[in-house]
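Take a look at the structure set out below.
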Amino acid sequence: MADLSIEFCGIKSINPFWLASAPPTDKAYNVVRAFEAGWGGVVWKTLGEDPAAVNVSSRYSAHYGKNREVLGFNNIELITDRSLELNLQEITQVKKDWPDRVIIVSLMLPCEEALWAEIMPKVEATGADGIELNFGCPHGMPERGMGAAVGQVPEYVEMVTRWCKTHSKLPVIVKLTPNITDVRAPARAAKAGGADAVSLINTINSITHLDLDQMVAFPIVGGASTHGGYCGSAVKPIALNMVAEIARDPQTAGLPISGIGGIGNWRDAAEFMALGSGCVQVCTAAMLHGFRIVEEMKDGLSRWMDQKGYKSVADFVGKAVPNTTDWKYLNMNYQVIAQINQDDCIKCGRCYVACEDTSHQSINQLIDAVTGTRTYEVNKEECVGCNLCEITCPVQGCITMVPQDTGKPYMNWTQDPRNPRAENIKVVEAA
Ligand SMILES: Cc1cc2nc3c(=O)[nH]c(=O)nc-3n(C[C@H](O)[C@H](O)[C@H](O)COP(=O)(O)O)c2cc1C
Ligand code: SF4
Ligand code: SF4
């Protein structure tokens with residue numbers, strides 16, 4: 001049976017599944033039930049200065065799919081709205097009662113060293129395993145010079161990280177904002193400041209939808225609204241890319257990463273890990289489905305690891321990183337072609353419309369003159385292997401993209417004779 005335990009920047013955890021800093025982790029009552037359900041750790045809802053933050057009503061909105069499934073989730077909540085002392089007391093007690101579970105304390109304070117120096121010993125005294133610096137909250141707090149306002153300025157990231165390392169012995173995880181052009185810049189700054197790890201992503205600036213009668217966006221607060229932070233399944237592709245960017249950046253290579261963003265099942269988690277995350281954090285999926293989703297995550301990951309022969313999580317963390325590269329290094333001689341399995345095809349014609357209207361007119365629609373039955377066939381000569389038909393087909397597995405034997409060796413764009421700026425032209429003929 002696969003071993004799910006991990007060691008993340010010196011912190012031991014019984015499994016790689018942590019709850020992210022957010023409502024699921026904002027009080028002992030929640031955290032205890034999360035631990036009972038099997039979560040390996042939590043990042044406690046962000047603590048700040050007293051007096052505690054005050055929230056508005058309402059606070060959340062969502063981007064829905066056709067069947068009202070929540071694709072993306074948006075919130076305008078601030079950091080904890082409970083006093084620092086109450087939070088610290090509860091953290092101390094929960095850590096005492098659950099010594100084998102990880103508790104990371106998330107922090108957000110103004111950029112004044114004295115404030116950080118003052119809070120660090122208080123956090124250490126709780127027995128917590130580490131701290132996470134919330135440099136990512138995109139709403140409310142940046143207007144006060146905190147959250148994303150810090151995370152968007154690499155110099156500030158480095159400075160505050162260094163203060164924390166100076167005033168505490170605890171591992172410091174820097175939580176990054178995705179609301180930035182190049183996420184590698186704050187990650188490099190965090191490393192330069194002495195960070196033990198980075199975590200990402202925090203939420204993405206968003207407006208999900210509007211009430212067109214009232215002419216106001218959701219969530220509505222007394223007839224007005226404001227942008228919120230986007231998370232949930234919809235942000236997973238953005239988060240995965242940012243994790244990969246940091247994992248394959250030579251300047252941050254080896255810096256532990258805690259992956260966050262749209263993780264809802266074991267497979268999502270495994271993908272983040274394959275791209276370099278040593279552990280993962282979950283928020284929206286737990287908010288929508290409850291703490292018990294961790295059972296599927298643990299079982300699924302464990303079964304998959306057994307199937308693949310991975311004995312420990314470390315065996316596959318980062319395994320997909322070397323296969324993630326710049327476009328210019330992709331093989332120009334690689335070719336796939338769509339293939340339709342006629343037995344599975346329900347003759348809906350979606351692939352035909354998609355290819356005909358917006359791709360390469362490579363699917364033929366044949367209509368039987370007698371019966372009117374339609375058949376769809378790929379014109380292999382024209383198909384460029386864009387995947388659009390496979391994506392649009394409602395029957396999973398009906399269209400497959402089949403690699404072709406071109407007989408040509410690997411040749412990337414820097415070597416391609418068609419590249420007017422080719423660095424290393426190498427004319428390659430079919431064998
Ligand atoms: C309602 C809500 C409150 C949040 N509060 C915090 C917070 O206090 N501190 C923080 O670092 N991140 C906060 N987050 C961001 C989450 O920790 C996480 O980074 C983000 O939601 C992406 O993960 P997910 O897609 O699993 O939700 C909050 C998210 C939500 C939905
Ligand atoms: S892969 Fe692209 S080009 Fe080929 S048949 Fe499908 S949609 Fe058309
Ligand atoms: S989209 Fe899929 S099911 Fe529909 S016609 Fe094309 S191959 Fe058949």
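By convention here, the chains of the structure tokens are called A, B, ... in the order presented, each chain's residues are numbered starting at 1, and ligands are numbered starting at 1 in the order presented.
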Polymer residues at most 8 Å from A:Ile104, only C-alpha atoms, same-chain spacing of 6 or more positions, as a PyMOL selection string: chain A and resi 41-44+128-132
Let me see the file: selected residues, all heavy atoms, as a compact mmCIF listing (two decimals), in the first residue's frame.
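Output (selection26.txt):
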# COMPACT_ATOMS: atom_id res chain seq x y z
N GLY A 41 -3.45 18.37 7.16
CA GLY A 41 -3.07 19.66 7.74
C GLY A 41 -4.03 20.75 7.34
O GLY A 41 -4.92 20.55 6.49
N VAL A 42 -3.86 21.90 7.98
CA VAL A 42 -4.65 23.08 7.61
C VAL A 42 -3.75 24.31 7.62
O VAL A 42 -2.77 24.35 8.37
CB VAL A 42 -5.83 23.35 8.58
CG1 VAL A 42 -6.82 22.21 8.61
CG2 VAL A 42 -5.32 23.68 9.98
N VAL A 43 -4.10 25.26 6.79
CA VAL A 43 -3.52 26.59 6.92
C VAL A 43 -4.64 27.43 7.53
O VAL A 43 -5.69 27.62 6.90
CB VAL A 43 -3.06 27.17 5.57
CG1 VAL A 43 -2.42 28.53 5.79
CG2 VAL A 43 -2.09 26.21 4.88
N TRP A 44 -4.42 27.85 8.76
CA TRP A 44 -5.49 28.54 9.50
C TRP A 44 -5.86 29.84 8.77
O TRP A 44 -4.99 30.50 8.19
CB TRP A 44 -4.97 28.88 10.91
CG TRP A 44 -6.05 29.11 11.94
CD1 TRP A 44 -6.71 30.27 12.18
CD2 TRP A 44 -6.56 28.16 12.88
NE1 TRP A 44 -7.61 30.10 13.20
CE2 TRP A 44 -7.54 28.80 13.65
CE3 TRP A 44 -6.28 26.80 13.14
CZ2 TRP A 44 -8.23 28.17 14.68
CZ3 TRP A 44 -6.98 26.17 14.17
CH2 TRP A 44 -7.94 26.85 14.92
N ALA A 128 2.43 25.87 16.49
CA ALA A 128 2.14 25.69 15.06
C ALA A 128 3.40 25.25 14.31
O ALA A 128 4.52 25.51 14.76
CB ALA A 128 1.60 26.98 14.46
N ASP A 129 3.19 24.59 13.16
CA ASP A 129 4.32 24.02 12.42
C ASP A 129 5.01 25.00 11.49
O ASP A 129 6.13 24.74 11.03
CB ASP A 129 3.82 22.83 11.58
CG ASP A 129 3.21 21.76 12.45
OD1 ASP A 129 3.97 20.98 13.02
OD2 ASP A 129 1.97 21.75 12.60
N GLY A 130 4.33 26.07 11.15
CA GLY A 130 4.93 27.02 10.21
C GLY A 130 4.00 28.20 10.01
O GLY A 130 2.89 28.24 10.56
N ILE A 131 4.48 29.16 9.22
CA ILE A 131 3.60 30.28 8.89
C ILE A 131 3.49 30.40 7.38
O ILE A 131 4.38 29.98 6.63
CB ILE A 131 4.10 31.63 9.49
CG1 ILE A 131 5.51 31.97 9.00
CG2 ILE A 131 4.04 31.62 10.99
CD1 ILE A 131 5.93 33.38 9.35
N GLU A 132 2.38 30.96 6.96
CA GLU A 132 2.18 31.25 5.54
C GLU A 132 1.89 32.74 5.44
O GLU A 132 1.04 33.26 6.18
CB GLU A 132 1.02 30.44 4.96
CG GLU A 132 0.85 30.64 3.46
CD GLU A 132 -0.30 29.80 2.88
OE1 GLU A 132 -1.47 30.24 3.03
OE2 GLU A 132 -0.04 28.73 2.31
Could you produce a table of the residues of chain A lying within 6 Å of ligand 3, with the nearest pair of atoms per residue and their separation in Å rounded to one decimal, using only C-alpha atoms and all ligand atoms, ordered by chain and increasing residue number, as a Markdown table?
| residue | atom | partner | partner_atom_place_in_ligand_line | distance |
| --- | --- | --- | --- | --- |
| A:Ile340 | CA | ligand 3 | 7 (S) | 5.4 |
| A:Cys345 | CA | ligand 3 | 8 (Fe) | 3.7 |
| A:Ile346 | CA | ligand 3 | 3 (S) | 4.4 |
| A:Lys347 | CA | ligand 3 | 5 (S) | 3.9 |
| A:Cys348 | CA | ligand 3 | 4 (Fe) | 3.9 |
| A:Gly349 | CA | ligand 3 | 5 (S) | 3.9 |
| A:Arg350 | CA | ligand 3 | 1 (S) | 4.3 |
| A:Cys351 | CA | ligand 3 | 1 (S) | 4.1 |
| A:Tyr376 | CA | ligand 3 | 5 (S) | 6.0 |
| A:Cys393 | CA | ligand 3 | 1 (S) | 3.6 |
| A:Pro394 | CA | ligand 3 | 2 (Fe) | 5.9 |
| A:Val395 | CA | ligand 3 | 3 (S) | 5.5 |
| A:Cys398 | CA | ligand 3 | 2 (Fe) | 5.9 |
| A:Ile399 | CA | ligand 3 | 7 (S) | 5.7 |
Protein and nucleic residues near ligand 1, 7 Å, only C-alpha atoms and all ligand atoms, as a PyMOL selection string: chain A and resi 20-23+45-46+73-75+77-80+106+134+136-137+175+200-203+231-233+235-236+260-263+281-285
Write out as CSV the residues of chain A that have any atom within 7 Å of an atom of ligand 2, one row each with the nearest atom pair and its distance in Å to one decimal, counting only C-alpha atoms and all ligand atoms, sorted by chain and then rising number.
residue,atom,partner,partner_atom_place_in_ligand_line,distance
A:Ile337,CA,ligand 2,4 (Fe),6.0
A:Ala338,CA,ligand 2,1 (S),5.0
A:Cys351,CA,ligand 2,7 (S),6.6
A:Ala354,CA,ligand 2,7 (S),6.3
A:Cys355,CA,ligand 2,7 (S),4.1
A:Ser359,CA,ligand 2,7 (S),5.5
A:His360,CA,ligand 2,3 (S),4.7
A:Gln361,CA,ligand 2,8 (Fe),6.0
A:Ser362,CA,ligand 2,8 (Fe),4.6
A:Ile363,CA,ligand 2,5 (S),5.3
A:Val378,CA,ligand 2,5 (S),5.5
A:Glu382,CA,ligand 2,3 (S),6.8
A:Cys383,CA,ligand 2,4 (Fe),3.7
A:Val384,CA,ligand 2,3 (S),4.6
A:Gly385,CA,ligand 2,1 (S),3.9
A:Cys386,CA,ligand 2,2 (Fe),4.0
A:Asn387,CA,ligand 2,1 (S),4.3
A:Leu388,CA,ligand 2,7 (S),4.3
A:Cys389,CA,ligand 2,6 (Fe),4.2
A:Glu390,CA,ligand 2,6 (Fe),6.4
Coordinates-based distance that separates atom CA of A:Ala148 from atom CA of A:Ile293 (Å, one decimal):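 For atom CA of A:Ile293 relative to atom CA of A:Ala148, the distance reads 29.4 Å.
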Who sits within 8 Å of A:Phe316, only C-alpha atoms, same chain under 5 positions skipped, as a count of residues only: 3
Residue nearest A:Ala234 - candidates A:Gly72, A:Pro51, A:Pro138, A:Pro178, atoms counted: only C-alpha atoms: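 Closest candidate: A:Gly72.
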Give me, as a PDB file with N, CA and C atoms, in the first residue's frame, all polymer residues having an atom no more than 12 Å from A:Asn87, counting only C-alpha atoms and skipping those fewer than 5 positions away in the same chain.
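Below is the file selection_11.pdb, written as the result:
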ATOM      1  N   THR A  25     -11.118  26.752   7.639  1.00  0.00           N
ATOM      2  CA  THR A  25     -10.064  26.660   8.667  1.00  0.00           C
ATOM      3  C   THR A  25     -10.107  27.860   9.616  1.00  0.00           C
ATOM      4  N   ASP A  26     -11.272  28.485   9.777  1.00  0.00           N
ATOM      5  CA  ASP A  26     -11.266  29.754  10.520  1.00  0.00           C
ATOM      6  C   ASP A  26     -11.541  29.604  12.004  1.00  0.00           C
ATOM      7  N   LYS A  27     -11.765  28.385  12.462  1.00  0.00           N
ATOM      8  CA  LYS A  27     -12.016  28.195  13.896  1.00  0.00           C
ATOM      9  C   LYS A  27     -11.755  26.749  14.291  1.00  0.00           C
ATOM     10  N   ALA A  28     -11.540  26.536  15.584  1.00  0.00           N
ATOM     11  CA  ALA A  28     -11.245  25.187  16.073  1.00  0.00           C
ATOM     12  C   ALA A  28     -12.360  24.214  15.689  1.00  0.00           C
ATOM     13  N   TYR A  29     -13.603  24.661  15.801  1.00  0.00           N
ATOM     14  CA  TYR A  29     -14.741  23.782  15.504  1.00  0.00           C
ATOM     15  C   TYR A  29     -14.600  23.145  14.121  1.00  0.00           C
ATOM     16  N   VAL A  31     -11.695  23.073  12.192  1.00  0.00           N
ATOM     17  CA  VAL A  31     -10.417  22.381  11.992  1.00  0.00           C
ATOM     18  C   VAL A  31     -10.449  20.987  12.634  1.00  0.00           C
ATOM     19  N   TRP A  44      -4.422  27.845   8.757  1.00  0.00           N
ATOM     20  CA  TRP A  44      -5.488  28.543   9.501  1.00  0.00           C
ATOM     21  C   TRP A  44      -5.862  29.838   8.771  1.00  0.00           C
ATOM     22  N   LYS A  45      -7.138  30.161   8.779  1.00  0.00           N
ATOM     23  CA  LYS A  45      -7.641  31.395   8.163  1.00  0.00           C
ATOM     24  C   LYS A  45      -6.772  32.590   8.607  1.00  0.00           C
ATOM     25  N   THR A  46      -6.395  33.426   7.651  1.00  0.00           N
ATOM     26  CA  THR A  46      -5.396  34.476   7.899  1.00  0.00           C
ATOM     27  C   THR A  46      -5.687  35.342   9.129  1.00  0.00           C
ATOM     28  N   LEU A  47      -4.664  35.413   9.995  1.00  0.00           N
ATOM     29  CA  LEU A  47      -4.737  36.288  11.172  1.00  0.00           C
ATOM     30  C   LEU A  47      -4.135  37.644  10.824  1.00  0.00           C
ATOM     31  N   GLY A  48      -4.628  38.675  11.510  1.00  0.00           N
ATOM     32  CA  GLY A  48      -4.076  40.015  11.305  1.00  0.00           C
ATOM     33  C   GLY A  48      -4.072  40.782  12.607  1.00  0.00           C
ATOM     34  N   GLU A  49      -3.926  42.079  12.475  1.00  0.00           N
ATOM     35  CA  GLU A  49      -3.909  42.940  13.662  1.00  0.00           C
ATOM     36  C   GLU A  49      -5.303  43.019  14.274  1.00  0.00           C
ATOM     37  N   ASP A  50      -5.342  43.266  15.555  1.00  0.00           N
ATOM     38  CA  ASP A  50      -6.610  43.644  16.176  1.00  0.00           C
ATOM     39  C   ASP A  50      -6.802  45.143  15.985  1.00  0.00           C
ATOM     40  N   ALA A  52     -10.106  43.048  14.763  1.00  0.00           N
ATOM     41  CA  ALA A  52     -10.267  42.129  13.630  1.00  0.00           C
ATOM     42  C   ALA A  52     -11.057  42.786  12.508  1.00  0.00           C
ATOM     43  N   THR A  80      -9.488  36.989   8.847  1.00  0.00           N
ATOM     44  CA  THR A  80     -10.338  36.570   9.970  1.00  0.00           C
ATOM     45  C   THR A  80     -11.088  37.759  10.592  1.00  0.00           C
ATOM     46  N   ASP A  81     -12.321  37.480  10.975  1.00  0.00           N
ATOM     47  CA  ASP A  81     -13.071  38.531  11.662  1.00  0.00           C
ATOM     48  C   ASP A  81     -13.178  38.227  13.158  1.00  0.00           C
ATOM     49  N   ARG A  82     -12.233  37.375  13.634  1.00  0.00           N
ATOM     50  CA  ARG A  82     -12.199  37.059  15.071  1.00  0.00           C
ATOM     51  C   ARG A  82     -10.893  37.586  15.649  1.00  0.00           C
ATOM     52  N   THR A  92      -3.461  26.833  19.614  1.00  0.00           N
ATOM     53  CA  THR A  92      -2.666  26.153  20.646  1.00  0.00           C
ATOM     54  C   THR A  92      -3.355  24.870  21.088  1.00  0.00           C
ATOM     55  N   GLN A  93      -4.644  24.982  21.356  1.00  0.00           N
ATOM     56  CA  GLN A  93      -5.389  23.819  21.848  1.00  0.00           C
ATOM     57  C   GLN A  93      -5.483  22.729  20.789  1.00  0.00           C
ATOM     58  N   VAL A  94      -5.812  23.122  19.558  1.00  0.00           N
ATOM     59  CA  VAL A  94      -5.992  22.107  18.506  1.00  0.00           C
ATOM     60  C   VAL A  94      -4.664  21.411  18.225  1.00  0.00           C
ATOM     61  N   VAL A 105       0.050  28.734  10.274  1.00  0.00           N
ATOM     62  CA  VAL A 105      -0.694  29.958  10.590  1.00  0.00           C
ATOM     63  C   VAL A 105      -0.481  30.975   9.470  1.00  0.00           C
ATOM     64  N   SER A 106      -1.581  31.374   8.853  1.00  0.00           N
ATOM     65  CA  SER A 106      -1.496  32.390   7.792  1.00  0.00           C
ATOM     66  C   SER A 106      -1.540  33.772   8.429  1.00  0.00           C
ATOM     67  N   LEU A 107      -0.690  34.653   7.917  1.00  0.00           N
ATOM     68  CA  LEU A 107      -0.579  35.991   8.507  1.00  0.00           C
ATOM     69  C   LEU A 107      -0.662  37.084   7.455  1.00  0.00           C
ATOM     70  N   LYS A 122       4.373  35.105  19.340  1.00  0.00           N
ATOM     71  CA  LYS A 122       3.018  34.672  19.732  1.00  0.00           C
ATOM     72  C   LYS A 122       2.597  33.465  18.902  1.00  0.00           C
ATOM     73  N   VAL A 123       2.930  33.495  17.620  1.00  0.00           N
ATOM     74  CA  VAL A 123       2.568  32.362  16.751  1.00  0.00           C
ATOM     75  C   VAL A 123       3.402  31.140  17.134  1.00  0.00           C
ATOM     76  N   THR A 126       2.192  28.969  19.975  1.00  0.00           N
ATOM     77  CA  THR A 126       1.023  28.083  19.787  1.00  0.00           C
ATOM     78  C   THR A 126       1.444  26.651  19.506  1.00  0.00           C
ATOM     79  N   ALA A 128       2.432  25.866  16.485  1.00  0.00           N
ATOM     80  CA  ALA A 128       2.143  25.686  15.057  1.00  0.00           C
ATOM     81  C   ALA A 128       3.400  25.254  14.314  1.00  0.00           C
TER      82      ALA A 128
END
Near-A:Gly40 list (8 Å; only C-alpha atoms; drop same-chain fewer than 4 positions) as number ranges by chain: A: 13-18, 35, 101-102
Test item, helix (DSSP H, G or I) assignment across stretch 107-244 of chain A, answer as a ChimeraX atom specification: /A:113-124,142-144,148-151,154-167,184-192,233-244
Rows by chain and residue number, stretch 93-212 of chain A within 7 Å of stretch 222-230 of chain A, shortest pair, only C-alpha atoms, as JSON lines:
{"residue": "A:Pro138", "atom": "CA", "partner": "A:Gly229", "partner_atom": "CA", "distance": 6.1}
{"residue": "A:His139", "atom": "CA", "partner": "A:Gly228", "partner_atom": "CA", "distance": 5.8}
{"residue": "A:Thr203", "atom": "CA", "partner": "A:Gly229", "partner_atom": "CA", "distance": 4.5}
{"residue": "A:Ile204", "atom": "CA", "partner": "A:Tyr230", "partner_atom": "CA", "distance": 4.7}
{"residue": "A:Asn205", "atom": "CA", "partner": "A:Gly229", "partner_atom": "CA", "distance": 4.9}
{"residue": "A:Ser206", "atom": "CA", "partner": "A:Gly228", "partner_atom": "CA", "distance": 5.2}
{"residue": "A:Ile207", "atom": "CA", "partner": "A:His227", "partner_atom": "CA", "distance": 5.3}
Pick from A:Ser302, A:Ser199, A:Ser83, A:Asn333 nearest to A:Met411, counting only C-alpha atoms: A:Asn333
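Taking atom CA of A:Pro142 and atom CA of A:Ile180 as endpoints, the distance between them is 13.5 Å.
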Among listed residues A:Gly65, A:Met120, A:Gly407, A:Ala2, nearest A:Gln307 (using only C-alpha atoms): A:Ala2
